[in-house]
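**Q** The structure under discussion is supplied below as structure tokens; questions concerning it will follow.
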Amino acid sequence: MEGVKEQIMALWRCCFDDPEPFVRLYFDTRYRDGHVRVREQEGRVVSALQLLPYTLTCWGGEMPVAYIYGACTHPRYRCRGEMHSLLSEVLGEMSRRRIPFSVLIPAEKQLYDYYRRLGYAPVIRRTGEVYVGVSPVASFVREYAVDDLYPFFSARMQARSCCIQHSLPDFQFLVEEVKLSGGRTIAVAGDSGRPGGLAFVLPQEENRVMLKEWLYDSEETRYRLLGAVSALFPDREIHAFSPVTRSAEPSEAAGMLRIADAAACLQRYASAHPDVSFSYNIKDPVVSQNNALFVVGQGRCRQLPSDPDKEMTDIAALPELLWPSGSKKFEPFPYMSLMMD
């Protein structure tokens, strides 16, 4: 009988239209049996997802995050609640393991409503820019070893206010993934000669390319990076995505976040916002540990029994209260990129 990995690969090919080279690359280099959670029928895997560990830098610290990846159900077993049951079990596991957040990227727009019912909220956001008529300058391009690019990449990602971080193995995989897709990882030098700008470039239609991610250490290296992209992909619009800043509205959803451990999340928030006070009577139909009254103030979060006389706050609303849109006091939205989507 096929092992777990072989069954997951077969289910993946059935449910997704990823090119075979990507499937091979992922399962040869990044797949781990320990990350997989499955539902079985008659001894066969019919529904599966992968629980990939990441780190979120936010509110002055680091917190573990579980990225739901490759969630799928065999067509013959859909609409039977298999994935809902599996996700519910996984969210309970995250809470027990004190993992504050789960994140995911819905494969289709209509799935946002489905995940919202499971407590996810579209607070992972990004802003887009389009560059037209950029002057190509090939001399800006530099060749660096992948391992030499990673320190620059990691430092720029760490500098972002609220961002999912990538390890060196992630980065190495991402460079190969972009290459398989016909794209390029483009680097330009900063004033010191070391890497100063980096872009993961993916061709789309004949007249455009997308920067899946781009990072730079100054406005000068930003200019160099755009010129290098234009030189390698001439006469194309350059579509780029970036984290949302106060001056960069409007934004669009780039994924969803779910609070799996409200106590751990709110304690971190309280520590970073000692001057903020509030209380929420949380209702969570999936994770029972979150059903409580949470009181935040003076840098602490207290968890008390639910108050039947106090208005209930659904768990899906909590992320939007912590990262509100249009708030006078801007709170950087969670941002993630290069998530193998």
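Identifiers in this document derive from the order of the structure tokens: chains are assigned A, B, ..., residues are numbered from 1 separately in each chain, and ligands are numbered from 1 in order of occurrence.
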Would you pick out the contacts of Pro195 in chain A at 12 Å or less, using only C-alpha atoms, so that residues sharing its chain but fewer than 5 positions from it are not included, and give the list as a PyMOL selection string?

**A** chain A and resi 140-156+186-190+215-218+221-222+224-225

**Q** Can you list, as a PyMOL selection string, every residue of range 51-226 of chain A that DSSP puts in helix (DSSP H, G or I)?

**A** chain A and resi 75-77+82-96+111-116+138-140+146-158+168-180+219-226

**Q** Check the smallest atom-to-atom distance from each of A:Pro250, A:Pro285, A:Gly193, A:Pro274 to Gln298 in chain A using only C-alpha atoms, then report the winner.

**A**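 Checking each candidate against Gln298 in chain A, we get A:Pro274 as the closest.
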
**Q** As an exercise, work out the distance from CA of Thr29 in chain A to CA of Val175 in chain A in Å and give it to one decimal place.

**A**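 Spanning CA of Thr29 in chain A to CA of Val175 in chain A is a straight-line distance of 12.7 Å.
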
**Q** Identify, on the basis of only C-alpha atoms, every residue whose closest approach to Leu321 in chain A does not exceed 12 Å; exclude the query and any residue fewer than 3 positions from it along the same chain; express the result as a PyMOL selection string.

**A** chain A and resi 121-123+259+266+269+278-280+313-318+324-327+331+333

**Q** Write out as a PyMOL selection string which residues come within 10 Å of Val45 in chain A when counting only C-alpha atoms, dropping same-chain ones fewer than 3 positions away.

**A** chain A and resi 4+7-8+10-11+37-42+48+73-74

**Q** Those residues with C-alpha atoms, as a PDB file, in the first residue's frame please?

**A**
ATOM      1  CA  VAL A   4       1.401   8.814   3.350  1.00  0.00           C
ATOM      2  CA  GLN A   7      -1.028   9.328  -1.165  1.00  0.00           C
ATOM      3  CA  ILE A   8      -0.647  13.065  -0.492  1.00  0.00           C
ATOM      4  CA  ALA A  10      -1.655  11.633  -5.650  1.00  0.00           C
ATOM      5  CA  LEU A  11      -4.332  13.726  -3.933  1.00  0.00           C
ATOM      6  CA  ARG A  37      -2.866  16.139   8.856  1.00  0.00           C
ATOM      7  CA  VAL A  38      -5.326  13.834   7.081  1.00  0.00           C
ATOM      8  CA  ARG A  39      -8.791  12.341   7.072  1.00  0.00           C
ATOM      9  CA  GLU A  40      -9.145   8.789   5.837  1.00  0.00           C
ATOM     10  CA  GLN A  41     -11.946   6.670   4.463  1.00  0.00           C
ATOM     11  CA  GLU A  42     -11.525   2.915   3.981  1.00  0.00           C
ATOM     12  CA  ALA A  48      -5.431  16.536   3.769  1.00  0.00           C
ATOM     13  CA  THR A  73     -10.369  16.934  -0.490  1.00  0.00           C
ATOM     14  CA  HIS A  74     -10.821  14.274  -3.141  1.00  0.00           C
TER      15      HIS A  74
END

**Q** At what distance in Å, to one decimal, does CA of Pro332 in chain A lie from CA of Arg194 in chain A?

**A**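 So the answer is 29.1 Å.
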
**Q** For Asn290 in chain A, please output as a PDB file with C-alpha atoms, in the first residue's frame all residues within 10 Å (counting only C-alpha atoms; exclusion window: fewer than 2 positions along the same chain).

**A**
ATOM      1  CA  GLY A  92      -7.651  22.763  18.505  1.00  0.00           C
ATOM      2  CA  SER A  95      -4.378  26.093  20.703  1.00  0.00           C
ATOM      3  CA  ILE A 259      -6.430  33.492  16.223  1.00  0.00           C
ATOM      4  CA  ALA A 260      -5.990  29.959  17.550  1.00  0.00           C
ATOM      5  CA  ASP A 261      -4.789  30.910  21.049  1.00  0.00           C
ATOM      6  CA  ALA A 262      -6.498  34.123  22.145  1.00  0.00           C
ATOM      7  CA  ALA A 263      -4.707  34.256  25.495  1.00  0.00           C
ATOM      8  CA  ASN A 281     -16.092  38.335  25.688  1.00  0.00           C
ATOM      9  CA  ILE A 282     -14.911  35.893  23.015  1.00  0.00           C
ATOM     10  CA  LYS A 283     -17.151  33.318  21.379  1.00  0.00           C
ATOM     11  CA  ASP A 284     -15.328  30.585  19.491  1.00  0.00           C
ATOM     12  CA  PRO A 285     -17.428  27.649  18.238  1.00  0.00           C
ATOM     13  CA  VAL A 286     -14.326  25.707  17.159  1.00  0.00           C
ATOM     14  CA  VAL A 287     -11.671  26.222  19.873  1.00  0.00           C
ATOM     15  CA  SER A 288     -13.274  25.906  23.300  1.00  0.00           C
ATOM     16  CA  ALA A 292     -13.648  33.422  27.844  1.00  0.00           C
ATOM     17  CA  LEU A 293     -13.659  37.056  28.907  1.00  0.00           C
ATOM     18  CA  PHE A 294     -10.276  38.630  28.133  1.00  0.00           C
ATOM     19  CA  GLN A 303      -8.544  35.482  31.173  1.00  0.00           C
ATOM     20  CA  SER A 306     -17.300  34.173  29.998  1.00  0.00           C
ATOM     21  CA  ILE A 315     -13.423  35.028  17.175  1.00  0.00           C
TER      22      ILE A 315
END

**Q** Nearest to Ala199 in chain A: which of A:Leu51, A:Met256, A:Arg78, A:Leu338 is it, counting only C-alpha atoms?

**A**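 Of A:Leu51, A:Met256, A:Arg78, A:Leu338, the one nearest Ala199 in chain A is A:Leu338, counting only C-alpha atoms.
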
**Q** According to DSSP computed on the backbone, where in range 190-295 of chain A is there strand (DSSP E)? Give the residues as an NGL selection string.

**A** :A and (195-203 or 208-216 or 237-242 or 252-259 or 278-283 or 293-295)

**Q** Expressed in Å to a single decimal, how great is the separation between CA of Leu211 in chain A and CA of Ser192 in chain A?

**A**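 Straight-line distance from CA of Leu211 in chain A to CA of Ser192 in chain A works out to 24.4 Å.
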
**Q** Using only C-alpha atoms, find each residue of range 32-147 of chain A with at least one atom at most 6 Å away from an atom of range 158-170 of chain A; report its shortest atom-to-atom pair and that distance in Å (one decimal), sort the rows by chain and rising residue number, and return the result as CSV.

**A**
residue,atom,partner,partner_atom,distance
A:Thr55,CA,A:Gln165,CA,5.5
A:Leu56,CA,A:Ile164,CA,4.5
A:Thr57,CA,A:Cys162,CA,5.4
A:Cys58,CA,A:Cys162,CA,4.4

**Q** Could you dump the residues just selected with all heavy atoms as a PDB file, in the first residue's frame?

**A**
ATOM      1  N   THR A  55       7.292  32.013  11.459  1.00  0.00           N
ATOM      2  CA  THR A  55       7.372  32.980  12.555  1.00  0.00           C
ATOM      3  C   THR A  55       6.812  34.309  12.082  1.00  0.00           C
ATOM      4  O   THR A  55       7.099  34.745  10.952  1.00  0.00           O
ATOM      5  CB  THR A  55       8.833  33.170  13.003  1.00  0.00           C
ATOM      6  OG1 THR A  55       9.337  31.934  13.503  1.00  0.00           O
ATOM      7  CG2 THR A  55       8.927  34.221  14.100  1.00  0.00           C
ATOM      8  N   LEU A  56       6.018  34.943  12.928  1.00  0.00           N
ATOM      9  CA  LEU A  56       5.501  36.286  12.664  1.00  0.00           C
ATOM     10  C   LEU A  56       6.216  37.259  13.581  1.00  0.00           C
ATOM     11  O   LEU A  56       6.182  37.107  14.808  1.00  0.00           O
ATOM     12  CB  LEU A  56       3.997  36.347  12.918  1.00  0.00           C
ATOM     13  CG  LEU A  56       3.347  37.730  12.781  1.00  0.00           C
ATOM     14  CD1 LEU A  56       3.308  38.167  11.315  1.00  0.00           C
ATOM     15  CD2 LEU A  56       1.936  37.738  13.361  1.00  0.00           C
ATOM     16  N   THR A  57       6.889  38.253  12.995  1.00  0.00           N
ATOM     17  CA  THR A  57       7.433  39.350  13.793  1.00  0.00           C
ATOM     18  C   THR A  57       6.371  40.431  13.887  1.00  0.00           C
ATOM     19  O   THR A  57       5.935  40.971  12.872  1.00  0.00           O
ATOM     20  CB  THR A  57       8.716  39.909  13.162  1.00  0.00           C
ATOM     21  OG1 THR A  57       8.476  40.188  11.768  1.00  0.00           O
ATOM     22  CG2 THR A  57       9.851  38.913  13.262  1.00  0.00           C
ATOM     23  N   CYS A  58       5.943  40.733  15.101  1.00  0.00           N
ATOM     24  CA  CYS A  58       4.860  41.697  15.279  1.00  0.00           C
ATOM     25  C   CYS A  58       4.827  42.149  16.733  1.00  0.00           C
ATOM     26  O   CYS A  58       5.152  41.367  17.641  1.00  0.00           O
ATOM     27  CB  CYS A  58       3.526  41.058  14.896  1.00  0.00           C
ATOM     28  SG  CYS A  58       2.148  42.216  14.756  1.00  0.00           S
TER      29      CYS A  58
END

**Q** Have a look at A:Ile99, A:Met210, A:Leu49, A:Val134 and name the one nearest to Met9 in chain A; count only C-alpha atoms.

**A**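 The shortest atom-to-atom distance to Met9 in chain A comes from A:Leu49.
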
**Q** Tell me which protein, DNA and RNA residues are within 7 Å of range 226-237 of chain A, counting only C-alpha atoms, leaving out same-chain ones fewer than 3 positions away, and put them as a list in words.

**A**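 Residues near the query, excluding close chain neighbours: Val130, Tyr131, Val132, Val134, Ser135, Pro136, Val137, Ala138, Phe140, Val141, Asn207, Arg208, Val209, Arg222 and Tyr223 of chain A.
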